[in-house]
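Q: Dropping a structure here in structure tokens format, bear with me for questions.
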Number of protein chains: 2
Amino acid sequence: VIRFFAAPGDISGNLIKLSHDDEKHIRSLRLRPNENFIVCDGNGTDYICVLSQDGDHKTARIKEQKNSPGEPSVLCKAYIAFSKGDRLDYAVQKSVELGVNEVILFKADRCVAIPNDITKKIARLGRISLETAKQCGRGIIPVVSYCGGFTTALSDAVSSSGLSVLLYEDEKEIRFSSVLTASLPVLHEPMIISTITGPEGGFEPFEIKQAQELNIPVVTLGPRILRSETAPVAALAAIMYETGNL
Amino acid sequence: VIRFFAAPGDISGNLIKLSHDDEKHIRSLRLRPNENFIVCDGNGTDYICVLSQDGDHKTARIKEQKNSPGEPSVLCKAYIAFSKGDRLDYAVQKSVELGVNEVILFKADRCVAIPNDITKKIARLGRISLETAKQCGRGIIPVVSYCGGFTTALSDAVSSSGLSVLLYEDEKEIRFSSVLTASLPVLHEPMIISTITGPEGGFEPFEIKQAQELNIPVVTLGPRILRSETAPVAALAAIMYETGNL
């Protein structure tokens, strides 16, 4: 079933105003008059709708509402360092598919590819999040934002999550799975877990020290070196698997 | 530490012949005379080497050998349907990073993008596997092959693995995690697990029936619809996590 997102302000009574783009999309689909589609409020509620005519415009008439089935029981925040080429596009798309709640970009010491126009980059990644959220059936559009430097990323993660972990390729002992399974039973609801992953060149030792001083566990995802766009996705898949959301 | 692969035939005594490309690569790195690098035999053994001169050629002189640390304890075979654009490139790269043993492509009923020259496509994906295996520190180069149609993929998977699962977006009840955790304790060593994933448009109901007739569990990875290149990677991450390899 095809899905759209609407802003909460577009919903009034049993009618939902469709954006120009969504209306165009719906016309192109040639839905039959009684064919259902879903409009999600981006806040965890799905409205099962049929098309309705409102003057010249198509609107959505609500038949039924329910919780979006696509939202996991755990809120995952992915702090991801700027990375080259289309690596961030990929990381955002896969993270949204796997149920991330929020993606926050930051500058790390070894970042070699900080965009000239960060606002534009964030906007582009936000569009990828929206398109992916529609396709994969999310109940929210995960926000993509930029928080500044590594220090800010660390303090934001710690203050906003029940568990923050930093993934580090040179960590050889402490496994992500050990930290995760030890922490889950003591996390308060809603469970909020942040992962912090570095750029292509990895983190600097002084950055690792900074994280440790904030008591952020520094962990490994095993003996294979994951690329900068793969590590956040693998960690997210592990969290979703461990919490019964995969 | 930089890694290369050599064919077993290139190793004689304590010297390893370097390929033309690897020699060129090593020259460009300007390694110091006593700097270590690793030559892996592609069969799970790493040789710690230093450069040595053999006439006009550089060769690798073995200082020490050990098991490659990058090989997981479980052998995963990913049966992946042909998919459009660079989706397969991505699926192969991420699967190799996460420890896949073998990638096998097949034609499913809804495949819309079967390459004209399958041999060429497989060769290209093989090169991606090799490059990724070097970068991420694998002890083997996972083979990428083509097995034919869906029926062949099913029978190959069943006959070669202790557990085969088919991932299906329209399955709503049976979770991949349930099947995996129930099966692991009864798998013989070496544990061989095959995942079978479909093209962009998903599997046809008759294909699902075929799998069920062979007693292949048809499972879901949760309520979000994963793209054709994401499903095999998420399933692999889950297997690696569950078996202590992530």
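Chain lettering (A, B, ...) mirrors the order of the structure tokens, residue numbering begins at 1 for each chain separately, and ligand numbering begins at 1 in order of display.
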Kindly provide, as a list in words, the residues of chain B having any atom no farther than 8 Å from an atom of chain A, counting only C-alpha atoms.
A: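 Within 8 Å of chain A on chain B, we get Pro69, Gly70, Lys94, Glu97, Leu98, Gly99, Gln135, Cys136, Gly137, Arg138, Arg175, Phe176, Ser177, Leu221, Gly222, Pro223, Arg224, Ile225, Leu226, Arg227, Thr230, Ala234, Ala237, Ala238, Tyr241, Gly244, Asn245 and Leu246 of chain B.
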Q: DSSP says helix (DSSP H, G or I) for which residues of region 151-209 of chain A? Put them as a list in words?
A: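 Of region 151-209 of chain A, the ones in helix (DSSP H, G or I) are Thr151, Thr152, Ala153, Leu154, Ser155, Asp156, Ala157, Val158, Ser159, Ser160, Phe176, Ser177, Ser178, Val179, Leu180, Thr181, Ala182, Ser183, Leu184, Pro185, Val186, Pro205, Phe206, Glu207, Ile208 and Lys209 of chain A.
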Q: Go ahead and save the picked residues with C-alpha atoms, as an mmCIF file, in the first residue's frame.
A:
```
data_model
loop_
_atom_site.group_PDB
_atom_site.id
_atom_site.type_symbol
_atom_site.label_atom_id
_atom_site.label_comp_id
_atom_site.auth_asym_id
_atom_site.auth_seq_id
_atom_site.Cartn_x
_atom_site.Cartn_y
_atom_site.Cartn_z
ATOM 1 C CA THR A 151 32.860 17.319 21.802
ATOM 2 C CA THR A 152 29.320 18.535 21.218
ATOM 3 C CA ALA A 153 28.349 15.176 19.731
ATOM 4 C CA LEU A 154 29.629 13.394 22.838
ATOM 5 C CA SER A 155 27.864 15.671 25.307
ATOM 6 C CA ASP A 156 24.620 15.665 23.272
ATOM 7 C CA ALA A 157 24.664 11.866 23.125
ATOM 8 C CA VAL A 158 25.303 11.474 26.839
ATOM 9 C CA SER A 159 22.675 13.987 27.908
ATOM 10 C CA SER A 160 19.960 12.691 25.574
ATOM 11 C CA PHE A 176 29.463 -3.893 21.406
ATOM 12 C CA SER A 177 27.251 -6.896 22.166
ATOM 13 C CA SER A 178 28.541 -7.171 25.767
ATOM 14 C CA VAL A 179 27.828 -3.514 26.473
ATOM 15 C CA LEU A 180 24.428 -3.697 24.804
ATOM 16 C CA THR A 181 23.212 -6.820 26.576
ATOM 17 C CA ALA A 182 24.512 -5.560 29.932
ATOM 18 C CA SER A 183 22.828 -2.165 29.500
ATOM 19 C CA LEU A 184 19.419 -3.059 28.100
ATOM 20 C CA PRO A 185 17.945 -4.444 31.338
ATOM 21 C CA VAL A 186 18.730 -1.233 33.204
ATOM 22 C CA PRO A 205 43.409 8.689 20.220
ATOM 23 C CA PHE A 206 42.669 12.006 21.959
ATOM 24 C CA GLU A 207 39.043 11.718 20.831
ATOM 25 C CA ILE A 208 38.826 8.220 22.301
ATOM 26 C CA LYS A 209 40.195 9.576 25.561
#
```
Q: Write out as a compact mmCIF listing (two decimals) with all heavy atoms, in the first residue's frame the residues lying within 12 Å of Leu51 (chain B), counting only C-alpha atoms and excluding same-chain residues fewer than 5 positions away.
A:
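The file below, around.txt, is the result:
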```
# COMPACT_ATOMS: atom_id res chain seq x y z
N ASN B 14 60.03 -19.36 2.68
CA ASN B 14 59.65 -18.18 3.44
C ASN B 14 59.47 -16.94 2.55
O ASN B 14 59.52 -15.82 3.01
CB ASN B 14 60.64 -17.90 4.58
CG ASN B 14 61.97 -17.40 4.06
OD1 ASN B 14 62.29 -17.64 2.89
ND2 ASN B 14 62.71 -16.69 4.90
N LEU B 15 59.30 -17.21 1.23
CA LEU B 15 59.09 -16.08 0.31
C LEU B 15 57.73 -16.17 -0.36
O LEU B 15 57.24 -17.26 -0.66
CB LEU B 15 60.19 -16.07 -0.76
CG LEU B 15 61.61 -15.70 -0.30
CD1 LEU B 15 62.57 -15.72 -1.49
CD2 LEU B 15 61.64 -14.33 0.40
N ILE B 16 57.12 -15.01 -0.60
CA ILE B 16 55.84 -14.97 -1.32
C ILE B 16 56.00 -14.06 -2.53
O ILE B 16 56.44 -12.91 -2.40
CB ILE B 16 54.70 -14.43 -0.43
CG1 ILE B 16 54.59 -15.28 0.85
CG2 ILE B 16 53.38 -14.44 -1.19
CD1 ILE B 16 53.53 -14.80 1.82
N LYS B 17 55.67 -14.59 -3.69
CA LYS B 17 55.72 -13.81 -4.93
C LYS B 17 54.57 -12.81 -4.90
O LYS B 17 53.44 -13.15 -4.55
CB LYS B 17 55.54 -14.77 -6.11
CG LYS B 17 56.12 -14.28 -7.41
CD LYS B 17 56.11 -15.37 -8.48
CE LYS B 17 54.77 -15.44 -9.19
NZ LYS B 17 54.71 -16.58 -10.16
N LEU B 18 54.86 -11.56 -5.24
CA LEU B 18 53.80 -10.55 -5.27
C LEU B 18 53.33 -10.35 -6.71
O LEU B 18 54.14 -10.37 -7.64
CB LEU B 18 54.33 -9.23 -4.71
CG LEU B 18 54.72 -9.24 -3.22
CD1 LEU B 18 55.52 -8.00 -2.86
CD2 LEU B 18 53.47 -9.35 -2.35
N ASP B 22 50.15 -5.78 -6.97
CA ASP B 22 50.49 -5.62 -5.55
C ASP B 22 51.88 -5.02 -5.38
O ASP B 22 52.10 -4.20 -4.50
CB ASP B 22 50.39 -6.98 -4.83
CG ASP B 22 48.95 -7.45 -4.71
OD1 ASP B 22 48.04 -6.63 -4.94
OD2 ASP B 22 48.75 -8.63 -4.38
N GLU B 23 52.78 -5.44 -6.26
CA GLU B 23 54.13 -4.88 -6.20
C GLU B 23 54.08 -3.37 -6.45
O GLU B 23 54.71 -2.58 -5.75
CB GLU B 23 55.03 -5.57 -7.24
CG GLU B 23 56.50 -5.35 -6.93
CD GLU B 23 57.43 -5.93 -8.01
OE1 GLU B 23 57.06 -6.92 -8.66
OE2 GLU B 23 58.52 -5.35 -8.19
N ILE B 26 52.70 -1.67 -3.46
CA ILE B 26 53.67 -1.61 -2.38
C ILE B 26 54.72 -0.53 -2.64
O ILE B 26 55.09 0.23 -1.74
CB ILE B 26 54.35 -2.99 -2.17
CG1 ILE B 26 53.36 -3.92 -1.47
CG2 ILE B 26 55.65 -2.87 -1.38
CD1 ILE B 26 53.93 -5.24 -1.04
N ARG B 27 55.18 -0.44 -3.93
CA ARG B 27 56.14 0.62 -4.25
C ARG B 27 55.56 1.99 -3.92
O ARG B 27 56.23 2.86 -3.37
CB ARG B 27 56.51 0.58 -5.74
CG ARG B 27 57.50 -0.52 -6.09
CD ARG B 27 57.82 -0.47 -7.60
NE ARG B 27 58.44 -1.70 -8.04
CZ ARG B 27 59.76 -1.95 -7.98
NH1 ARG B 27 60.57 -1.03 -7.51
NH2 ARG B 27 60.24 -3.10 -8.39
N LEU B 29 53.48 2.79 -1.77
CA LEU B 29 53.33 3.03 -0.33
C LEU B 29 54.64 3.43 0.34
O LEU B 29 54.64 3.91 1.47
CB LEU B 29 52.79 1.77 0.37
CG LEU B 29 51.36 1.36 0.04
CD1 LEU B 29 51.07 -0.03 0.60
CD2 LEU B 29 50.36 2.37 0.60
N ARG B 30 55.75 3.20 -0.37
CA ARG B 30 57.08 3.50 0.17
C ARG B 30 57.26 2.96 1.59
O ARG B 30 57.60 3.69 2.53
CB ARG B 30 57.34 5.03 0.17
CG ARG B 30 57.25 5.62 -1.19
CD ARG B 30 57.44 7.13 -1.18
NE ARG B 30 57.12 7.68 -2.49
CZ ARG B 30 57.94 7.64 -3.55
NH1 ARG B 30 59.13 7.10 -3.45
NH2 ARG B 30 57.57 8.16 -4.71
N LEU B 31 57.02 1.67 1.75
CA LEU B 31 57.21 1.02 3.05
C LEU B 31 58.68 1.11 3.45
O LEU B 31 59.56 0.98 2.60
CB LEU B 31 56.82 -0.46 2.97
CG LEU B 31 55.36 -0.81 2.77
CD1 LEU B 31 55.18 -2.33 2.71
CD2 LEU B 31 54.48 -0.24 3.86
N ARG B 32 58.93 1.29 4.72
CA ARG B 32 60.31 1.22 5.20
C ARG B 32 60.76 -0.24 5.19
O ARG B 32 59.91 -1.16 5.24
CB ARG B 32 60.39 1.80 6.62
CG ARG B 32 60.48 3.34 6.63
CD ARG B 32 60.06 3.89 7.97
NE ARG B 32 58.63 3.77 8.18
CZ ARG B 32 58.05 3.34 9.29
NH1 ARG B 32 58.78 2.98 10.33
NH2 ARG B 32 56.74 3.27 9.40
N PRO B 33 62.09 -0.51 5.12
CA PRO B 33 62.59 -1.88 4.93
C PRO B 33 62.07 -2.87 5.99
O PRO B 33 61.86 -4.03 5.70
CB PRO B 33 64.11 -1.73 5.03
CG PRO B 33 64.37 -0.31 4.68
CD PRO B 33 63.19 0.48 5.14
N ASN B 34 61.88 -2.39 7.21
CA ASN B 34 61.44 -3.34 8.24
C ASN B 34 59.96 -3.23 8.57
O ASN B 34 59.49 -3.78 9.55
CB ASN B 34 62.26 -3.15 9.51
CG ASN B 34 63.62 -3.80 9.35
OD1 ASN B 34 63.69 -4.93 8.88
ND2 ASN B 34 64.67 -3.05 9.67
N GLU B 35 59.24 -2.50 7.71
CA GLU B 35 57.82 -2.31 7.99
C GLU B 35 57.03 -3.57 7.61
O GLU B 35 57.21 -4.14 6.54
CB GLU B 35 57.30 -1.10 7.19
CG GLU B 35 56.04 -0.49 7.77
CD GLU B 35 55.72 0.85 7.14
OE1 GLU B 35 56.64 1.49 6.57
OE2 GLU B 35 54.57 1.27 7.20
N ASN B 36 56.16 -4.00 8.52
CA ASN B 36 55.37 -5.20 8.27
C ASN B 36 54.19 -4.94 7.34
O ASN B 36 53.59 -3.88 7.37
CB ASN B 36 54.79 -5.72 9.59
CG ASN B 36 55.84 -6.33 10.49
OD1 ASN B 36 56.96 -6.61 10.04
ND2 ASN B 36 55.51 -6.52 11.75
N PHE B 37 53.88 -5.94 6.55
CA PHE B 37 52.58 -5.97 5.88
C PHE B 37 52.11 -7.41 5.89
O PHE B 37 52.86 -8.32 6.25
CB PHE B 37 52.66 -5.37 4.46
CG PHE B 37 53.62 -6.05 3.54
CD1 PHE B 37 53.18 -7.03 2.66
CD2 PHE B 37 54.96 -5.71 3.54
CE1 PHE B 37 54.07 -7.66 1.80
CE2 PHE B 37 55.86 -6.34 2.69
CZ PHE B 37 55.42 -7.31 1.82
N ILE B 38 50.86 -7.61 5.54
CA ILE B 38 50.29 -8.94 5.65
C ILE B 38 49.97 -9.47 4.26
O ILE B 38 49.39 -8.76 3.44
CB ILE B 38 49.01 -8.92 6.51
CG1 ILE B 38 49.37 -8.55 7.96
CG2 ILE B 38 48.29 -10.27 6.47
CD1 ILE B 38 48.18 -8.27 8.84
N VAL B 39 50.40 -10.70 4.00
CA VAL B 39 49.93 -11.39 2.81
C VAL B 39 49.09 -12.57 3.29
O VAL B 39 49.54 -13.38 4.09
CB VAL B 39 51.09 -11.89 1.92
CG1 VAL B 39 50.54 -12.56 0.67
CG2 VAL B 39 52.02 -10.74 1.54
N HIS B 57 62.70 -7.66 -8.77
CA HIS B 57 61.36 -7.68 -8.16
C HIS B 57 61.40 -7.57 -6.65
O HIS B 57 62.35 -8.02 -6.01
CB HIS B 57 60.63 -8.96 -8.55
CG HIS B 57 60.30 -8.99 -10.00
ND1 HIS B 57 59.26 -8.27 -10.54
CD2 HIS B 57 60.90 -9.64 -11.04
CE1 HIS B 57 59.23 -8.47 -11.85
NE2 HIS B 57 60.21 -9.30 -12.18
N LYS B 58 60.34 -7.00 -6.12
CA LYS B 58 60.13 -7.02 -4.68
C LYS B 58 59.39 -8.32 -4.36
O LYS B 58 58.46 -8.70 -5.07
CB LYS B 58 59.23 -5.86 -4.25
CG LYS B 58 59.74 -4.48 -4.66
CD LYS B 58 60.68 -3.92 -3.62
CE LYS B 58 61.01 -2.47 -3.91
NZ LYS B 58 62.22 -2.05 -3.17
N THR B 59 59.80 -8.99 -3.32
CA THR B 59 58.99 -10.12 -2.84
C THR B 59 58.71 -9.89 -1.37
O THR B 59 59.25 -8.98 -0.75
CB THR B 59 59.71 -11.48 -2.99
OG1 THR B 59 60.95 -11.40 -2.28
CG2 THR B 59 59.96 -11.85 -4.43
N ALA B 60 57.84 -10.74 -0.83
CA ALA B 60 57.51 -10.65 0.58
C ALA B 60 58.25 -11.76 1.31
O ALA B 60 58.24 -12.91 0.89
CB ALA B 60 56.00 -10.81 0.76
N ARG B 61 58.96 -11.39 2.38
CA ARG B 61 59.64 -12.40 3.18
C ARG B 61 58.83 -12.63 4.45
O ARG B 61 58.51 -11.69 5.18
CB ARG B 61 61.07 -11.95 3.52
CG ARG B 61 61.90 -13.07 4.17
CD ARG B 61 63.41 -12.81 4.06
NE ARG B 61 63.76 -11.46 4.47
CZ ARG B 61 63.82 -11.03 5.74
NH1 ARG B 61 63.56 -11.87 6.73
NH2 ARG B 61 64.14 -9.79 6.02
N ILE B 62 58.47 -13.89 4.70
CA ILE B 62 57.59 -14.23 5.82
C ILE B 62 58.36 -14.18 7.14
O ILE B 62 59.41 -14.80 7.27
CB ILE B 62 57.00 -15.65 5.62
CG1 ILE B 62 56.16 -15.71 4.34
CG2 ILE B 62 56.16 -16.07 6.83
CD1 ILE B 62 55.73 -17.10 3.94
N LYS B 63 57.81 -13.43 8.10
CA LYS B 63 58.40 -13.38 9.43
C LYS B 63 57.63 -14.27 10.39
O LYS B 63 58.18 -14.79 11.36
CB LYS B 63 58.36 -11.95 9.97
CG LYS B 63 59.39 -11.02 9.35
CD LYS B 63 59.19 -9.58 9.80
CE LYS B 63 59.19 -9.41 11.32
NZ LYS B 63 58.87 -8.01 11.72
```
Q: Hand me chain A as it sits after a least-squares fit onto chain B over every Cα, paired in order, written as a compact mmCIF listing (two decimals) with C-alpha atoms, in the first residue's frame.
A:
```
# COMPACT_ATOMS: atom_id res chain seq x y z
CA VAL A 1 48.52 -2.76 8.51
CA ILE A 2 48.18 -3.11 4.74
CA ARG A 3 46.97 -6.48 3.42
CA PHE A 4 47.32 -8.38 0.17
CA PHE A 5 46.10 -11.72 -1.05
CA ALA A 6 48.37 -14.26 -2.72
CA ALA A 7 47.50 -17.54 -4.37
CA PRO A 8 48.74 -20.56 -2.37
CA GLY A 9 51.02 -21.40 -5.33
CA ASP A 10 52.84 -18.08 -4.89
CA ILE A 11 54.14 -19.07 -1.48
CA SER A 12 57.39 -21.05 -1.43
CA GLY A 13 59.47 -21.49 1.68
CA ASN A 14 59.60 -18.16 3.46
CA LEU A 15 59.06 -16.08 0.32
CA ILE A 16 55.83 -14.98 -1.33
CA LYS A 17 55.72 -13.82 -4.94
CA LEU A 18 53.80 -10.57 -5.28
CA SER A 19 51.53 -9.92 -8.24
CA HIS A 20 52.43 -7.09 -10.58
CA ASP A 21 49.59 -4.94 -9.19
CA ASP A 22 50.46 -5.62 -5.58
CA GLU A 23 54.13 -4.89 -6.22
CA LYS A 24 53.14 -1.58 -7.83
CA HIS A 25 50.88 -0.83 -4.89
CA ILE A 26 53.67 -1.62 -2.41
CA ARG A 27 56.13 0.61 -4.27
CA SER A 28 53.64 3.46 -4.12
CA LEU A 29 53.31 3.03 -0.35
CA ARG A 30 57.08 3.51 0.17
CA LEU A 31 57.17 1.03 3.03
CA ARG A 32 60.27 1.24 5.19
CA PRO A 33 62.53 -1.85 4.94
CA ASN A 34 61.38 -3.31 8.25
CA GLU A 35 57.76 -2.30 7.99
CA ASN A 36 55.32 -5.19 8.28
CA PHE A 37 52.55 -5.97 5.87
CA ILE A 38 50.25 -8.95 5.64
CA VAL A 39 49.91 -11.39 2.81
CA CYS A 40 46.90 -13.65 3.23
CA ASP A 41 46.66 -16.96 1.38
CA GLY A 42 42.90 -16.49 0.93
CA ASN A 43 42.46 -19.67 2.90
CA GLY A 44 42.40 -18.33 6.43
CA THR A 45 46.14 -17.87 7.03
CA ASP A 46 47.87 -14.49 7.39
CA TYR A 47 51.61 -14.16 6.77
CA ILE A 48 53.25 -11.19 8.45
CA CYS A 49 55.89 -10.10 5.94
CA VAL A 50 58.59 -7.56 5.22
CA LEU A 51 59.80 -6.50 1.78
CA SER A 52 62.66 -8.36 0.22
CA GLN A 53 64.48 -7.84 -3.08
CA ASP A 54 64.52 -10.68 -5.61
CA GLY A 55 66.53 -9.44 -8.61
CA ASP A 56 64.42 -6.65 -10.08
CA HIS A 57 61.35 -7.69 -8.16
CA LYS A 58 60.12 -7.03 -4.69
CA THR A 59 58.98 -10.13 -2.85
CA ALA A 60 57.48 -10.65 0.58
CA ARG A 61 59.62 -12.41 3.20
CA ILE A 62 57.56 -14.24 5.82
CA LYS A 63 58.37 -13.38 9.45
CA GLU A 64 55.44 -15.07 11.11
CA GLN A 65 52.17 -16.79 10.28
CA LYS A 66 48.83 -16.90 12.08
CA ASN A 67 45.14 -17.54 11.50
CA SER A 68 43.41 -14.59 9.85
CA PRO A 69 41.47 -12.88 12.64
CA GLY A 70 38.76 -11.66 10.26
CA GLU A 71 36.99 -14.97 9.65
CA PRO A 72 33.76 -15.58 11.56
CA SER A 73 32.86 -18.89 13.19
CA VAL A 74 29.82 -19.30 10.95
CA LEU A 75 29.79 -19.75 7.18
CA CYS A 76 27.09 -17.56 5.65
CA LYS A 77 25.93 -17.95 2.09
CA ALA A 78 23.89 -15.09 0.67
CA TYR A 79 21.59 -16.07 -2.22
CA ILE A 80 20.62 -12.74 -3.76
CA ALA A 81 18.27 -12.13 -6.72
CA PHE A 82 19.49 -9.88 -9.53
CA SER A 83 18.63 -6.27 -8.75
CA LYS A 84 18.89 -2.95 -10.58
CA GLY A 85 21.70 -0.40 -10.75
CA ASP A 86 24.41 -0.56 -8.14
CA ARG A 87 22.33 -2.44 -5.60
CA LEU A 88 24.32 -5.63 -6.04
CA ASP A 89 27.62 -3.75 -5.74
CA TYR A 90 26.44 -2.48 -2.42
CA ALA A 91 25.09 -5.83 -1.24
CA VAL A 92 28.37 -7.57 -2.08
CA GLN A 93 30.56 -4.91 -0.46
CA LYS A 94 28.59 -4.80 2.78
CA SER A 95 28.20 -8.59 2.91
CA VAL A 96 31.96 -9.06 2.58
CA GLU A 97 32.61 -6.49 5.33
CA LEU A 98 30.17 -8.26 7.62
CA GLY A 99 31.78 -11.66 7.02
CA VAL A 100 29.80 -13.45 4.31
CA ASN A 101 31.42 -16.65 3.04
CA GLU A 102 29.89 -16.73 -0.41
CA VAL A 103 27.46 -14.70 -2.52
CA ILE A 104 25.32 -16.56 -5.05
CA LEU A 105 23.17 -14.67 -7.53
CA PHE A 106 20.02 -16.08 -9.08
CA LYS A 107 17.11 -15.10 -11.32
CA ALA A 108 13.73 -14.68 -9.64
CA ASP A 109 10.42 -14.23 -11.39
CA ARG A 110 10.19 -10.48 -10.76
CA CYS A 111 13.82 -9.70 -11.61
CA VAL A 112 13.69 -6.68 -13.91
CA ALA A 113 17.42 -6.28 -14.34
CA ILE A 114 19.15 -9.42 -15.46
CA PRO A 115 22.45 -8.35 -17.02
CA ASN A 116 23.01 -9.19 -20.69
CA ASP A 117 26.45 -10.43 -19.83
CA ILE A 118 26.12 -12.29 -16.54
CA THR A 119 29.75 -13.46 -16.61
CA LYS A 120 30.94 -9.88 -16.81
CA LYS A 121 28.65 -8.81 -13.96
CA ILE A 122 29.88 -11.68 -11.77
CA ALA A 123 33.50 -10.75 -12.56
CA ARG A 124 32.83 -7.15 -11.55
CA LEU A 125 31.22 -8.24 -8.27
CA GLY A 126 34.18 -10.57 -7.68
CA ARG A 127 36.53 -7.60 -7.94
CA ILE A 128 34.41 -5.72 -5.41
CA SER A 129 34.65 -8.75 -3.12
CA LEU A 130 38.45 -8.84 -3.47
CA GLU A 131 38.90 -5.11 -2.82
CA THR A 132 36.57 -5.20 0.15
CA ALA A 133 38.21 -8.33 1.57
CA LYS A 134 41.60 -6.57 1.47
CA GLN A 135 40.29 -3.40 3.10
CA CYS A 136 38.31 -5.00 5.88
CA GLY A 137 40.81 -7.72 6.78
CA ARG A 138 39.20 -10.94 5.62
CA GLY A 139 41.10 -14.23 5.56
CA ILE A 140 39.33 -15.37 2.40
CA ILE A 141 38.05 -13.67 -0.73
CA PRO A 142 34.34 -14.51 -0.71
CA VAL A 143 33.41 -16.08 -4.04
CA VAL A 144 30.63 -14.43 -6.03
CA SER A 145 28.87 -16.79 -8.42
CA TYR A 146 25.68 -17.28 -10.39
CA CYS A 147 23.60 -20.43 -9.92
CA GLY A 148 20.72 -20.00 -12.40
CA GLY A 149 17.05 -19.72 -11.54
CA PHE A 150 15.17 -19.59 -8.25
CA THR A 151 14.55 -23.35 -8.13
CA THR A 152 18.26 -24.03 -8.39
CA ALA A 153 18.99 -21.44 -5.70
CA LEU A 154 16.55 -23.16 -3.34
CA SER A 155 17.91 -26.66 -3.91
CA ASP A 156 21.54 -25.47 -3.72
CA ALA A 157 20.84 -23.67 -0.45
CA VAL A 158 19.09 -26.65 1.10
CA SER A 159 21.71 -29.18 0.05
CA SER A 160 24.69 -27.07 1.11
CA SER A 161 23.57 -25.53 4.41
CA GLY A 162 22.47 -26.56 7.87
CA LEU A 163 19.89 -23.77 7.85
CA SER A 164 18.32 -21.93 4.90
CA VAL A 165 15.86 -19.09 5.34
CA LEU A 166 13.96 -17.05 2.80
CA LEU A 167 13.27 -13.43 3.69
CA TYR A 168 9.84 -12.28 2.59
CA GLU A 169 8.32 -8.84 3.10
CA ASP A 170 4.76 -10.19 3.11
CA GLU A 171 5.43 -12.67 5.88
CA LYS A 172 3.91 -11.11 8.99
CA GLU A 173 4.26 -13.77 11.69
CA ILE A 174 7.45 -15.80 11.60
CA ARG A 175 10.43 -13.75 12.70
CA PHE A 176 13.91 -14.39 11.39
CA SER A 177 15.21 -14.16 14.96
CA SER A 178 12.90 -16.97 16.18
CA VAL A 179 14.04 -19.32 13.43
CA LEU A 180 17.68 -18.41 13.95
CA THR A 181 17.73 -18.84 17.72
CA ALA A 182 15.76 -22.09 17.49
CA SER A 183 18.10 -23.51 14.83
CA LEU A 184 21.54 -22.53 16.08
CA PRO A 185 21.72 -25.05 18.94
CA VAL A 186 21.04 -27.94 16.58
CA LEU A 187 23.37 -26.92 13.74
CA HIS A 188 26.38 -29.15 13.15
CA GLU A 189 29.88 -27.69 12.83
CA PRO A 190 30.84 -25.99 10.63
CA MET A 191 27.64 -23.99 10.90
CA ILE A 192 26.49 -23.08 7.38
CA ILE A 193 23.56 -20.68 7.07
CA SER A 194 22.02 -19.54 3.77
CA THR A 195 19.78 -16.54 3.35
CA ILE A 196 17.66 -16.13 0.22
CA THR A 197 16.48 -12.64 -0.70
CA GLY A 198 14.43 -11.37 -3.60
CA PRO A 199 14.51 -8.62 -6.22
CA GLU A 200 13.08 -5.07 -5.88
CA GLY A 201 9.56 -6.28 -6.57
CA GLY A 202 9.74 -9.12 -4.07
CA PHE A 203 8.97 -12.80 -4.55
CA GLU A 204 5.93 -14.20 -6.34
CA PRO A 205 3.51 -16.22 -4.19
CA PHE A 206 4.31 -19.34 -6.24
CA GLU A 207 7.99 -18.90 -5.35
CA ILE A 208 7.11 -18.71 -1.66
CA LYS A 209 5.13 -21.91 -2.03
CA GLN A 210 8.10 -23.60 -3.68
CA ALA A 211 10.33 -22.66 -0.74
CA GLN A 212 7.77 -23.90 1.77
CA GLU A 213 7.49 -27.22 -0.06
CA LEU A 214 11.23 -27.65 0.52
CA ASN A 215 10.71 -26.83 4.22
CA ILE A 216 12.67 -23.60 3.91
CA PRO A 217 11.42 -21.23 6.62
CA VAL A 218 9.89 -18.07 5.15
CA VAL A 219 10.56 -15.26 7.61
CA THR A 220 10.26 -11.52 8.16
CA LEU A 221 12.87 -9.04 9.35
CA GLY A 222 10.21 -6.92 10.98
CA PRO A 223 7.54 -4.42 9.94
CA ARG A 224 9.75 -2.12 7.86
CA ILE A 225 10.16 -3.03 4.21
CA LEU A 226 13.86 -3.41 3.53
CA ARG A 227 15.24 -2.69 0.07
CA SER A 228 16.55 -5.62 -1.94
CA GLU A 229 20.16 -4.69 -1.17
CA THR A 230 19.49 -4.06 2.52
CA ALA A 231 17.70 -7.29 3.45
CA PRO A 232 20.67 -9.65 2.90
CA VAL A 233 22.97 -7.29 4.81
CA ALA A 234 20.60 -6.90 7.76
CA ALA A 235 20.09 -10.67 7.93
CA LEU A 236 23.85 -11.23 7.84
CA ALA A 237 24.41 -8.65 10.60
CA ALA A 238 21.79 -10.45 12.69
CA ILE A 239 23.47 -13.83 12.17
CA MET A 240 26.89 -12.42 13.01
CA TYR A 241 25.50 -10.71 16.09
CA GLU A 242 23.65 -13.80 17.30
CA THR A 243 26.70 -16.05 16.82
CA GLY A 244 29.10 -13.67 18.59
CA ASN A 245 30.86 -12.54 15.42
CA LEU A 246 29.87 -8.87 15.59
```
Q: Enumerate, as an MDAnalysis selection string, the complete set of residues in region 99-133 of chain B that a backbone-based DSSP assignment places in strand (DSSP E).
A: chainID B and resid 102:107
